[in-house]
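Shown here: model-v3.pdb, PDB, C-alpha atoms, pLDDT in the B column.
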```
ATOM      1  CA  MET A  28       7.451 -23.470  33.194  1.00 67.00           C
ATOM      2  CA  ASN A  29       3.902 -24.623  32.543  1.00 77.00           C
ATOM      3  CA  VAL A  30       2.156 -21.999  30.420  1.00 76.00           C
ATOM      4  CA  MET A  31      -0.660 -21.678  32.966  1.00 80.00           C
ATOM      5  CA  ASP A  32       1.890 -20.816  35.665  1.00 87.00           C
ATOM      6  CA  LYS A  33       2.639 -17.628  33.751  1.00 93.00           C
ATOM      7  CA  PHE A  34      -0.840 -16.356  34.585  1.00 94.00           C
ATOM      8  CA  SER A  35      -0.199 -16.661  38.324  1.00 94.00           C
ATOM      9  CA  LEU A  36       0.230 -13.498  40.382  1.00 96.00           C
ATOM     10  CA  GLN A  37       1.541 -15.329  43.424  1.00 96.00           C
ATOM     11  CA  GLY A  38       3.554 -12.980  45.605  1.00 94.00           C
ATOM     12  CA  LYS A  39       2.668  -9.882  43.581  1.00 97.00           C
ATOM     13  CA  LEU A  40       1.149  -6.743  45.088  1.00 98.00           C
ATOM     14  CA  VAL A  41      -1.640  -5.278  42.960  1.00 98.00           C
ATOM     15  CA  LEU A  42      -3.406  -1.920  43.327  1.00 98.00           C
ATOM     16  CA  VAL A  43      -6.970  -1.774  41.992  1.00 98.00           C
ATOM     17  CA  THR A  44      -8.537   1.698  41.793  1.00 98.00           C
ATOM     18  CA  GLY A  45     -12.278   2.203  41.734  1.00 96.00           C
ATOM     19  CA  ALA A  46     -12.563  -1.082  43.621  1.00 96.00           C
ATOM     20  CA  SER A  47     -15.730  -0.390  45.607  1.00 93.00           C
ATOM     21  CA  SER A  48     -18.141  -1.753  42.973  1.00 91.00           C
ATOM     22  CA  GLY A  49     -18.586  -3.280  39.531  1.00 92.00           C
ATOM     23  CA  LEU A  50     -15.510  -4.135  37.517  1.00 95.00           C
ATOM     24  CA  GLY A  51     -13.134  -2.960  40.242  1.00 96.00           C
ATOM     25  CA  THR A  52     -14.578  -5.286  42.877  1.00 96.00           C
ATOM     26  CA  HIS A  53     -14.539  -8.205  40.459  1.00 96.00           C
ATOM     27  CA  PHE A  54     -10.958  -7.500  39.396  1.00 98.00           C
ATOM     28  CA  ALA A  55      -9.802  -7.363  43.024  1.00 98.00           C
ATOM     29  CA  GLN A  56     -11.411 -10.711  43.799  1.00 97.00           C
ATOM     30  CA  LEU A  57     -10.007 -12.284  40.631  1.00 98.00           C
ATOM     31  CA  LEU A  58      -6.472 -11.086  41.308  1.00 98.00           C
ATOM     32  CA  ALA A  59      -6.593 -12.271  44.913  1.00 98.00           C
ATOM     33  CA  SER A  60      -7.740 -15.707  43.754  1.00 97.00           C
ATOM     34  CA  SER A  61      -4.724 -15.723  41.400  1.00 97.00           C
ATOM     35  CA  GLY A  62      -2.337 -15.327  44.327  1.00 97.00           C
ATOM     36  CA  ALA A  63      -1.899 -11.551  44.501  1.00 98.00           C
ATOM     37  CA  LYS A  64      -1.962  -9.396  47.593  1.00 98.00           C
ATOM     38  CA  VAL A  65      -4.503  -6.716  46.713  1.00 98.00           C
ATOM     39  CA  ALA A  66      -4.662  -3.058  47.674  1.00 98.00           C
ATOM     40  CA  VAL A  67      -8.224  -1.933  46.962  1.00 98.00           C
ATOM     41  CA  ALA A  68      -8.734   1.802  46.668  1.00 98.00           C
ATOM     42  CA  ALA A  69     -11.635   4.211  46.246  1.00 96.00           C
ATOM     43  CA  ARG A  70     -12.661   7.649  47.442  1.00 91.00           C
ATOM     44  CA  ARG A  71     -14.476   6.190  50.439  1.00 80.00           C
ATOM     45  CA  ALA A  72     -12.408   3.449  52.032  1.00 79.00           C
ATOM     46  CA  ASP A  73     -15.366   2.416  54.236  1.00 81.00           C
ATOM     47  CA  LYS A  74     -17.167   1.145  51.136  1.00 86.00           C
ATOM     48  CA  LEU A  75     -14.263  -1.213  50.516  1.00 95.00           C
ATOM     49  CA  GLN A  76     -14.492  -3.194  53.746  1.00 94.00           C
ATOM     50  CA  SER A  77     -16.938  -5.724  52.288  1.00 94.00           C
ATOM     51  CA  VAL A  78     -14.515  -6.303  49.390  1.00 96.00           C
ATOM     52  CA  VAL A  79     -11.641  -6.864  51.821  1.00 97.00           C
ATOM     53  CA  ASP A  80     -13.805  -9.177  53.941  1.00 96.00           C
ATOM     54  CA  GLU A  81     -14.820 -11.311  50.966  1.00 96.00           C
ATOM     55  CA  ILE A  82     -11.212 -11.680  49.815  1.00 97.00           C
ATOM     56  CA  THR A  83      -9.875 -12.557  53.265  1.00 97.00           C
ATOM     57  CA  GLN A  84     -12.708 -15.012  53.930  1.00 97.00           C
ATOM     58  CA  ALA A  85     -11.740 -16.774  50.691  1.00 96.00           C
ATOM     59  CA  GLY A  86      -8.161 -17.094  51.945  1.00 96.00           C
ATOM     60  CA  GLY A  87      -6.695 -14.072  50.161  1.00 97.00           C
ATOM     61  CA  GLU A  88      -4.957 -10.953  51.428  1.00 97.00           C
ATOM     62  CA  ALA A  89      -6.332  -7.452  50.904  1.00 97.00           C
ATOM     63  CA  ARG A  90      -6.228  -4.009  52.467  1.00 97.00           C
ATOM     64  CA  ALA A  91      -8.354  -0.911  51.825  1.00 97.00           C
ATOM     65  CA  PHE A  92      -6.975   2.538  51.014  1.00 97.00           C
ATOM     66  CA  SER A  93      -8.654   5.908  50.519  1.00 96.00           C
ATOM     67  CA  LEU A  94      -7.966   7.399  47.092  1.00 97.00           C
ATOM     68  CA  ASP A  95      -9.336  10.264  45.013  1.00 97.00           C
ATOM     69  CA  VAL A  96      -7.611   9.636  41.683  1.00 98.00           C
ATOM     70  CA  SER A  97      -8.293  13.184  40.490  1.00 98.00           C
ATOM     71  CA  ASN A  98      -6.256  14.700  43.345  1.00 98.00           C
ATOM     72  CA  ALA A  99      -2.458  14.461  43.096  1.00 98.00           C
ATOM     73  CA  GLN A 100      -1.945  14.733  46.860  1.00 98.00           C
ATOM     74  CA  SER A 101      -4.452  11.948  47.497  1.00 98.00           C
ATOM     75  CA  VAL A 102      -2.654   9.769  44.943  1.00 98.00           C
ATOM     76  CA  ARG A 103       0.727  10.360  46.599  1.00 98.00           C
ATOM     77  CA  GLU A 104      -0.683   9.709  50.072  1.00 98.00           C
ATOM     78  CA  CYS A 105      -2.302   6.483  48.892  1.00 97.00           C
ATOM     79  CA  PHE A 106       0.984   5.209  47.450  1.00 98.00           C
ATOM     80  CA  ASP A 107       2.778   6.263  50.659  1.00 98.00           C
ATOM     81  CA  ALA A 108       0.296   4.207  52.686  1.00 97.00           C
ATOM     82  CA  ILE A 109       0.612   1.198  50.386  1.00 98.00           C
ATOM     83  CA  GLY A 110       4.398   1.640  50.563  1.00 95.00           C
ATOM     84  CA  ALA A 111       4.328   0.425  54.175  1.00 93.00           C
ATOM     85  CA  TRP A 112       3.319  -2.882  52.570  1.00 94.00           C
ATOM     86  CA  SER A 113       5.453  -2.641  49.412  1.00 95.00           C
ATOM     87  CA  VAL A 114       5.658  -0.895  46.043  1.00 97.00           C
ATOM     88  CA  PRO A 115       2.898  -2.366  43.853  1.00 98.00           C
ATOM     89  CA  ASP A 116       3.973  -4.690  41.053  1.00 98.00           C
ATOM     90  CA  VAL A 117       0.741  -4.257  39.088  1.00 98.00           C
ATOM     91  CA  ILE A 118      -1.690  -1.350  38.739  1.00 98.00           C
ATOM     92  CA  ILE A 119      -5.260  -1.866  37.579  1.00 98.00           C
ATOM     93  CA  ASN A 120      -6.190   1.719  36.668  1.00 98.00           C
ATOM     94  CA  ASN A 121      -9.939   1.206  36.772  1.00 97.00           C
ATOM     95  CA  ALA A 122     -11.552   4.262  38.414  1.00 96.00           C
ATOM     96  CA  GLY A 123     -14.022   5.945  36.083  1.00 94.00           C
ATOM     97  CA  VAL A 124     -17.280   7.889  35.888  1.00 93.00           C
ATOM     98  CA  THR A 125     -19.724   9.017  33.246  1.00 91.00           C
ATOM     99  CA  VAL A 126     -22.486  11.598  32.859  1.00 94.00           C
ATOM    100  CA  THR A 127     -25.258  10.514  30.516  1.00 91.00           C
ATOM    101  CA  ARG A 128     -26.782  13.545  28.834  1.00 94.00           C
ATOM    102  CA  ALA A 129     -27.229  14.855  25.298  1.00 96.00           C
ATOM    103  CA  LEU A 130     -24.214  16.753  23.975  1.00 96.00           C
ATOM    104  CA  LEU A 131     -25.994  20.118  23.912  1.00 97.00           C
ATOM    105  CA  ASP A 132     -27.123  19.620  27.493  1.00 97.00           C
ATOM    106  CA  GLN A 133     -23.675  18.687  28.817  1.00 96.00           C
ATOM    107  CA  THR A 134     -22.115  21.366  31.007  1.00 97.00           C
ATOM    108  CA  GLU A 135     -18.535  22.374  31.633  1.00 98.00           C
ATOM    109  CA  GLU A 136     -18.886  20.802  35.079  1.00 98.00           C
ATOM    110  CA  ASP A 137     -19.987  17.516  33.487  1.00 97.00           C
ATOM    111  CA  PHE A 138     -16.981  17.549  31.181  1.00 98.00           C
ATOM    112  CA  ASP A 139     -14.538  18.379  33.970  1.00 98.00           C
ATOM    113  CA  GLN A 140     -15.957  15.704  36.272  1.00 97.00           C
ATOM    114  CA  VAL A 141     -15.497  12.975  33.673  1.00 97.00           C
ATOM    115  CA  MET A 142     -12.077  14.158  32.487  1.00 98.00           C
ATOM    116  CA  ASP A 143     -10.713  14.672  35.991  1.00 98.00           C
ATOM    117  CA  THR A 144     -11.471  11.075  36.940  1.00 97.00           C
ATOM    118  CA  ASN A 145     -11.137   9.148  33.694  1.00 98.00           C
ATOM    119  CA  LEU A 146      -8.148  10.886  32.133  1.00 98.00           C
ATOM    120  CA  LYS A 147      -6.347  13.032  34.694  1.00 98.00           C
ATOM    121  CA  GLY A 148      -6.899  10.399  37.379  1.00 98.00           C
ATOM    122  CA  ASN A 149      -5.599   7.655  35.117  1.00 98.00           C
ATOM    123  CA  TRP A 150      -2.518   9.751  34.351  1.00 98.00           C
ATOM    124  CA  LEU A 151      -1.821  10.646  37.987  1.00 98.00           C
ATOM    125  CA  VAL A 152      -2.048   7.047  39.185  1.00 98.00           C
ATOM    126  CA  ALA A 153       0.010   5.599  36.322  1.00 98.00           C
ATOM    127  CA  THR A 154       2.800   8.154  36.543  1.00 98.00           C
ATOM    128  CA  GLU A 155       3.043   7.978  40.343  1.00 98.00           C
ATOM    129  CA  ALA A 156       3.139   4.182  40.160  1.00 98.00           C
ATOM    130  CA  ALA A 157       5.853   4.307  37.511  1.00 98.00           C
ATOM    131  CA  ARG A 158       7.988   6.708  39.561  1.00 98.00           C
ATOM    132  CA  ARG A 159       7.783   4.378  42.550  1.00 98.00           C
ATOM    133  CA  MET A 160       8.600   1.300  40.453  1.00 98.00           C
ATOM    134  CA  VAL A 161      11.625   3.030  38.917  1.00 98.00           C
ATOM    135  CA  ALA A 162      12.849   4.243  42.314  1.00 98.00           C
ATOM    136  CA  ALA A 163      12.541   0.691  43.663  1.00 97.00           C
ATOM    137  CA  LYS A 164      14.413  -0.590  40.593  1.00 96.00           C
ATOM    138  CA  LYS A 165      11.634  -3.004  39.745  1.00 94.00           C
ATOM    139  CA  GLY A 166       9.532  -3.441  36.635  1.00 95.00           C
ATOM    140  CA  GLY A 167       5.801  -3.849  36.638  1.00 98.00           C
ATOM    141  CA  ALA A 168       2.565  -3.805  34.715  1.00 98.00           C
ATOM    142  CA  ILE A 169      -0.027  -1.061  34.373  1.00 98.00           C
ATOM    143  CA  VAL A 170      -3.427  -1.964  32.974  1.00 98.00           C
ATOM    144  CA  ASN A 171      -5.527   1.058  32.018  1.00 98.00           C
ATOM    145  CA  VAL A 172      -9.217   0.206  31.844  1.00 98.00           C
ATOM    146  CA  ALA A 173     -10.551   2.093  28.827  1.00 98.00           C
ATOM    147  CA  SER A 174     -13.649   1.137  26.798  1.00 96.00           C
ATOM    148  CA  ILE A 175     -14.697   0.289  23.269  1.00 94.00           C
ATOM    149  CA  LEU A 176     -16.216   3.778  23.341  1.00 94.00           C
ATOM    150  CA  GLY A 177     -12.663   5.040  23.126  1.00 96.00           C
ATOM    151  CA  GLU A 178     -12.632   3.735  19.557  1.00 95.00           C
ATOM    152  CA  ARG A 179     -16.282   4.262  18.612  1.00 92.00           C
ATOM    153  CA  VAL A 180     -19.036   6.606  19.762  1.00 89.00           C
ATOM    154  CA  SER A 181     -22.486   6.433  21.292  1.00 89.00           C
ATOM    155  CA  GLY A 182     -25.062   9.111  21.954  1.00 90.00           C
ATOM    156  CA  GLY A 183     -25.297  10.856  25.298  1.00 92.00           C
ATOM    157  CA  VAL A 184     -21.806  10.076  26.586  1.00 93.00           C
ATOM    158  CA  ALA A 185     -19.538  12.391  24.613  1.00 96.00           C
ATOM    159  CA  PRO A 186     -17.156  13.325  27.479  1.00 96.00           C
ATOM    160  CA  TYR A 187     -16.833   9.650  28.439  1.00 95.00           C
ATOM    161  CA  SER A 188     -15.980   8.614  24.872  1.00 96.00           C
ATOM    162  CA  ILE A 189     -13.478  11.474  24.570  1.00 98.00           C
ATOM    163  CA  SER A 190     -11.839  10.544  27.878  1.00 98.00           C
ATOM    164  CA  LYS A 191     -11.507   6.862  26.967  1.00 97.00           C
ATOM    165  CA  ALA A 192     -10.028   7.696  23.555  1.00 98.00           C
ATOM    166  CA  ALA A 193      -7.445   9.784  25.376  1.00 98.00           C
ATOM    167  CA  VAL A 194      -6.728   6.919  27.797  1.00 98.00           C
ATOM    168  CA  ILE A 195      -5.972   4.641  24.836  1.00 98.00           C
ATOM    169  CA  GLN A 196      -3.495   7.148  23.423  1.00 98.00           C
ATOM    170  CA  ALA A 197      -2.027   7.771  26.880  1.00 98.00           C
ATOM    171  CA  THR A 198      -1.481   4.022  27.221  1.00 98.00           C
ATOM    172  CA  LYS A 199       0.624   3.997  24.062  1.00 98.00           C
ATOM    173  CA  ALA A 200       2.615   7.061  25.148  1.00 98.00           C
ATOM    174  CA  MET A 201       3.282   5.529  28.563  1.00 98.00           C
ATOM    175  CA  ALA A 202       4.287   2.198  27.025  1.00 98.00           C
ATOM    176  CA  LEU A 203       6.833   3.923  24.783  1.00 98.00           C
ATOM    177  CA  GLU A 204       8.568   5.826  27.559  1.00 98.00           C
ATOM    178  CA  LEU A 205       8.389   3.215  30.317  1.00 98.00           C
ATOM    179  CA  ALA A 206       9.557   0.167  28.358  1.00 98.00           C
ATOM    180  CA  ARG A 207      13.201   0.935  29.172  1.00 98.00           C
ATOM    181  CA  TYR A 208      12.368   0.508  32.866  1.00 98.00           C
ATOM    182  CA  GLY A 209      10.692  -2.867  32.418  1.00 98.00           C
ATOM    183  CA  ILE A 210       7.223  -1.379  32.943  1.00 98.00           C
ATOM    184  CA  ARG A 211       4.518  -2.620  30.597  1.00 98.00           C
ATOM    185  CA  VAL A 212       1.421  -0.506  29.929  1.00 98.00           C
ATOM    186  CA  ASN A 213      -1.638  -1.901  28.157  1.00 98.00           C
ATOM    187  CA  ALA A 214      -5.320  -1.032  27.885  1.00 98.00           C
ATOM    188  CA  LEU A 215      -8.341  -3.254  28.438  1.00 98.00           C
ATOM    189  CA  LEU A 216     -11.380  -2.201  26.385  1.00 98.00           C
ATOM    190  CA  PRO A 217     -14.584  -3.730  27.765  1.00 96.00           C
ATOM    191  CA  GLY A 218     -17.748  -3.597  25.742  1.00 92.00           C
ATOM    192  CA  TYR A 219     -21.143  -3.714  27.428  1.00 92.00           C
ATOM    193  CA  VAL A 220     -20.627  -5.775  30.585  1.00 93.00           C
ATOM    194  CA  ILE A 221     -23.532  -6.797  32.821  1.00 89.00           C
ATOM    195  CA  THR A 222     -23.134  -5.470  36.362  1.00 85.00           C
ATOM    196  CA  ASN A 223     -25.556  -4.738  39.190  1.00 79.00           C
ATOM    197  CA  LEU A 224     -25.490  -1.071  38.173  1.00 71.00           C
ATOM    198  CA  ASN A 225     -26.654  -1.556  34.563  1.00 82.00           C
ATOM    199  CA  ARG A 226     -28.539  -4.863  34.712  1.00 86.00           C
ATOM    200  CA  ASP A 227     -31.992  -3.237  34.654  1.00 84.00           C
ATOM    201  CA  PHE A 228     -31.151  -1.196  31.547  1.00 81.00           C
ATOM    202  CA  LEU A 229     -29.491  -4.041  29.672  1.00 86.00           C
ATOM    203  CA  THR A 230     -32.494  -6.282  30.269  1.00 88.00           C
ATOM    204  CA  SER A 231     -34.960  -3.566  29.203  1.00 91.00           C
ATOM    205  CA  GLU A 232     -36.466  -3.082  25.744  1.00 91.00           C
ATOM    206  CA  LEU A 233     -33.771  -0.532  24.878  1.00 87.00           C
ATOM    207  CA  GLY A 234     -31.124  -2.913  26.141  1.00 87.00           C
ATOM    208  CA  GLU A 235     -32.476  -5.655  23.924  1.00 92.00           C
ATOM    209  CA  LYS A 236     -32.172  -3.403  20.882  1.00 91.00           C
ATOM    210  CA  LEU A 237     -28.569  -2.703  21.857  1.00 88.00           C
ATOM    211  CA  ARG A 238     -27.841  -6.414  22.277  1.00 90.00           C
ATOM    212  CA  MET A 239     -29.074  -7.136  18.759  1.00 92.00           C
ATOM    213  CA  ARG A 240     -26.452  -4.731  17.365  1.00 91.00           C
ATOM    214  CA  ILE A 241     -23.649  -6.852  18.807  1.00 89.00           C
ATOM    215  CA  PRO A 242     -22.495  -9.528  16.320  1.00 90.00           C
ATOM    216  CA  SER A 243     -22.334 -12.191  19.036  1.00 92.00           C
ATOM    217  CA  ARG A 244     -25.810 -11.133  20.229  1.00 93.00           C
ATOM    218  CA  LYS A 245     -24.453 -11.249  23.781  1.00 92.00           C
ATOM    219  CA  PHE A 246     -23.523  -8.793  26.487  1.00 90.00           C
ATOM    220  CA  SER A 247     -20.330  -9.686  28.309  1.00 91.00           C
ATOM    221  CA  GLU A 248     -20.310 -11.132  31.801  1.00 93.00           C
ATOM    222  CA  LEU A 249     -17.741  -9.974  34.339  1.00 94.00           C
ATOM    223  CA  SER A 250     -16.036 -13.355  34.053  1.00 96.00           C
ATOM    224  CA  ASP A 251     -15.403 -12.731  30.337  1.00 96.00           C
ATOM    225  CA  LEU A 252     -12.813 -10.141  31.385  1.00 97.00           C
ATOM    226  CA  ASP A 253     -10.872 -12.573  33.583  1.00 97.00           C
ATOM    227  CA  GLY A 254      -8.548 -14.073  30.975  1.00 97.00           C
ATOM    228  CA  PRO A 255      -7.731 -10.788  29.228  1.00 98.00           C
ATOM    229  CA  LEU A 256      -7.043  -8.998  32.524  1.00 98.00           C
ATOM    230  CA  LEU A 257      -4.764 -11.754  33.802  1.00 98.00           C
ATOM    231  CA  LEU A 258      -2.948 -11.798  30.472  1.00 98.00           C
ATOM    232  CA  LEU A 259      -2.120  -8.097  30.732  1.00 98.00           C
ATOM    233  CA  ALA A 260      -1.320  -8.179  34.441  1.00 98.00           C
ATOM    234  CA  SER A 261       0.826 -11.319  34.568  1.00 97.00           C
ATOM    235  CA  ASP A 262       3.993 -12.723  33.024  1.00 96.00           C
ATOM    236  CA  ALA A 263       1.820 -14.382  30.399  1.00 96.00           C
ATOM    237  CA  GLY A 264       1.780 -10.984  28.671  1.00 97.00           C
ATOM    238  CA  ALA A 265       5.461 -10.238  29.250  1.00 96.00           C
ATOM    239  CA  ALA A 266       6.036  -9.163  25.632  1.00 97.00           C
ATOM    240  CA  MET A 267       2.900  -7.006  25.436  1.00 98.00           C
ATOM    241  CA  SER A 268       3.086  -3.254  25.904  1.00 98.00           C
ATOM    242  CA  GLY A 269       1.135  -0.504  24.179  1.00 98.00           C
ATOM    243  CA  SER A 270      -1.565  -3.044  23.294  1.00 98.00           C
ATOM    244  CA  THR A 271      -5.321  -2.568  23.421  1.00 98.00           C
ATOM    245  CA  VAL A 272      -7.457  -5.632  24.109  1.00 98.00           C
ATOM    246  CA  ALA A 273     -11.168  -5.372  23.337  1.00 96.00           C
ATOM    247  CA  VAL A 274     -13.617  -7.717  25.079  1.00 96.00           C
ATOM    248  CA  ASP A 275     -16.917  -7.003  23.374  1.00 92.00           C
ATOM    249  CA  GLY A 276     -18.302  -9.888  21.322  1.00 92.00           C
ATOM    250  CA  ALA A 277     -17.036  -8.244  18.068  1.00 93.00           C
ATOM    251  CA  HIS A 278     -19.051  -5.061  18.745  1.00 92.00           C
ATOM    252  CA  LEU A 279     -16.104  -2.815  17.979  1.00 90.00           C
ATOM    253  CA  VAL A 280     -15.544  -4.240  14.502  1.00 91.00           C
ATOM    254  CA  SER A 281     -19.219  -4.290  13.563  1.00 89.00           C
ATOM    255  CA  GLY A 282     -19.524  -0.595  12.713  1.00 72.00           C
ATOM    256  CA  LEU A 283     -22.964  -0.562  14.331  1.00 66.00           C
TER     257      LEU A 283
END
```
Show me, as structure tokens, the structure contained in the file I just sent.
Amino acid sequence: MNVMDKFSLQGKLVLVTGASSGLGTHFAQLLASSGAKVAVAARRADKLQSVVDEITQAGGEARAFSLDVSNAQSVRECFDAIGAWSVPDVIINNAGVTVTRALLDQTEEDFDQVMDTNLKGNWLVATEAARRMVAAKKGGAIVNVASILGERVSGGVAPYSISKAAVIQATKAMALELARYGIRVNALLPGYVITNLNRDFLTSELGEKLRMRIPSRKFSELSDLDGPLLLLASDAGAAMSGSTVAVDGAHLVSGL
């Protein structure tokens, strides 16, 4: 087999959570272009129609599903709905939120909101996916989207950093217990990635100061995540499980 063929997702069914914007939308489009059938999911399925339309217009196959990752019943119902299509082969566990506020101003509600989505939601989706894969007697791949802030800290986002650190550890725990079923679990750790949501900040004076702390002196583009994501999602990464892959221009190792 040609090594590049290992990166193909032809014939695979992939679920992407948090697919209505940013990284999730990009991941869905990337995976569809790599041959996958894509189930795009978010709390409001109506926001996903443009994503589905773009994928289908490009010759891909996609369907939209309503999903609140923090609610176990919603997770089960989403997988039931996708099950009419098939049991997913790959999960891109991408849904996430943050609340930007100084530590002493953070509230219990802020903490719960971030943890319920970023950690509990990640856990609910991954474990439900694994149960369905095991029941179908098929292996698969789960990619948990964490962050370099799971291994370092930054001011104003304490609950987010805590949640992403927990996701990294959860990834390793999942990988250990699911390996016997042929299910691989890895974590993708993006650094600062330019999206429509943060472009104004990253191009501001404060953003420029942040950029100068990155050894490469560059923010990542969405396309910089393509290779690493496909590696973890496809047969190219068949021997990888429990791994964390940082995409950050050496920011994580800089200590700054």
When you draw a straight line from CA of His278 in chain A to CA of Thr127 in chain A, how long is it in Å?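 The value is 20.5 Å.
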For the structure provided, state which residues fall under the PyMOL selection byres ((chain A and resi 184) around 9), and present them as a PDB file with C-alpha atoms, in the coordinates of the input.
```pdb
ATOM      1  CA  THR A 125     -19.724   9.017  33.246  1.00 91.00           C
ATOM      2  CA  VAL A 126     -22.486  11.598  32.859  1.00 94.00           C
ATOM      3  CA  THR A 127     -25.258  10.514  30.516  1.00 91.00           C
ATOM      4  CA  ARG A 128     -26.782  13.545  28.834  1.00 94.00           C
ATOM      5  CA  ALA A 129     -27.229  14.855  25.298  1.00 96.00           C
ATOM      6  CA  LEU A 130     -24.214  16.753  23.975  1.00 96.00           C
ATOM      7  CA  VAL A 180     -19.036   6.606  19.762  1.00 89.00           C
ATOM      8  CA  SER A 181     -22.486   6.433  21.292  1.00 89.00           C
ATOM      9  CA  GLY A 182     -25.062   9.111  21.954  1.00 90.00           C
ATOM     10  CA  GLY A 183     -25.297  10.856  25.298  1.00 92.00           C
ATOM     11  CA  ALA A 185     -19.538  12.391  24.613  1.00 96.00           C
ATOM     12  CA  PRO A 186     -17.156  13.325  27.479  1.00 96.00           C
ATOM     13  CA  TYR A 187     -16.833   9.650  28.439  1.00 95.00           C
ATOM     14  CA  SER A 188     -15.980   8.614  24.872  1.00 96.00           C
ATOM     15  CA  ILE A 189     -13.478  11.474  24.570  1.00 98.00           C
TER      16      ILE A 189
END
```
Would you kindly translate the PyMOL selection byres ((chain A and resi 43) around 7) into the concrete residues it picks from this file, as a VMD selection string? chain A and resid 41 to 42 44 to 46 51 55 66 to 68 118 to 121
Closest of A:Thr134, A:His53, A:Leu205, A:Gly254 to Glu81 in chain A - atom-to-atom distances counting only C-alpha atoms: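 Closest candidate: A:His53.
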Closest atom pairs, residues of range 45-157 of chain A within 12 Å of range 210-215 of chain A, all atoms listed in the file, as a tab-separated table:
```
residue	atom	partner	partner_atom	distance
A:Leu50	CA	A:Leu215	CA	11.6
A:Pro115	CA	A:Ile210	CA	11.8
A:Asp116	CA	A:Ile210	CA	9.3
A:Val117	CA	A:Ile210	CA	9.4
A:Ile118	CA	A:Val212	CA	9.4
A:Ile119	CA	A:Ala214	CA	9.7
A:Asn120	CA	A:Ala214	CA	9.2
A:Asn121	CA	A:Leu215	CA	9.6
A:Asn149	CA	A:Ala214	CA	11.3
A:Trp150	CA	A:Val212	CA	11.8
A:Ala153	CA	A:Val212	CA	9.0
A:Thr154	CA	A:Val212	CA	11.0
A:Ala156	CA	A:Ile210	CA	10.0
A:Ala157	CA	A:Ile210	CA	7.4
```
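Nearest residue to Arg179 in chain A, choosing from A:Gly110, A:Gly234, A:Pro255, A:Gly218 and counting all atoms listed in the file: A:Gly218.
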List the residues matched by the PyMOL selection byres ((chain A and resi 39) around 6) in the displayed structure as a list of chain:residue names, ordered by chain and then by residue number. A:Leu36, A:Gln37, A:Gly38, A:Leu40, A:Ala63, A:Asp116
Identify, on the basis of only C-alpha atoms, every residue whose closest approach to Gly282 in chain A does not exceed 12 Å; exclude the query and any residue fewer than 5 positions from it along the same chain; express the result as a PDB file with C-alpha atoms, in the frame of the given file.
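New file part.pdb:
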```pdb
ATOM      1  CA  ILE A 175     -14.697   0.289  23.269  1.00 94.00           C
ATOM      2  CA  LEU A 176     -16.216   3.778  23.341  1.00 94.00           C
ATOM      3  CA  GLU A 178     -12.632   3.735  19.557  1.00 95.00           C
ATOM      4  CA  ARG A 179     -16.282   4.262  18.612  1.00 92.00           C
ATOM      5  CA  VAL A 180     -19.036   6.606  19.762  1.00 89.00           C
ATOM      6  CA  SER A 181     -22.486   6.433  21.292  1.00 89.00           C
ATOM      7  CA  ARG A 240     -26.452  -4.731  17.365  1.00 91.00           C
ATOM      8  CA  ILE A 241     -23.649  -6.852  18.807  1.00 89.00           C
ATOM      9  CA  PRO A 242     -22.495  -9.528  16.320  1.00 90.00           C
ATOM     10  CA  ALA A 277     -17.036  -8.244  18.068  1.00 93.00           C
TER      11      ALA A 277
END
```
For the atom pair CA of Ala122 in chain A and CA of Gln140 in chain A, what is the interatomic distance in Å to one decimal place?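 Atom-to-atom, CA of Ala122 in chain A and CA of Gln140 in chain A are spaced 12.4 Å apart.
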One number please: CA of Ser77 in chain A to CA of Glu155 in chain A, in Å, one decimal. 27.0 Å
Edge lengths and centre in Å to one decimal, as JSON, of the axis-aligned box that encloses all listed atoms of range 111-118 of chain A with 8 Å added on every side?
```
{"center_x": 2.0, "center_y": -2.1, "center_z": 46.5, "size_x": 23.3, "size_y": 21.1, "size_z": 31.4}
```
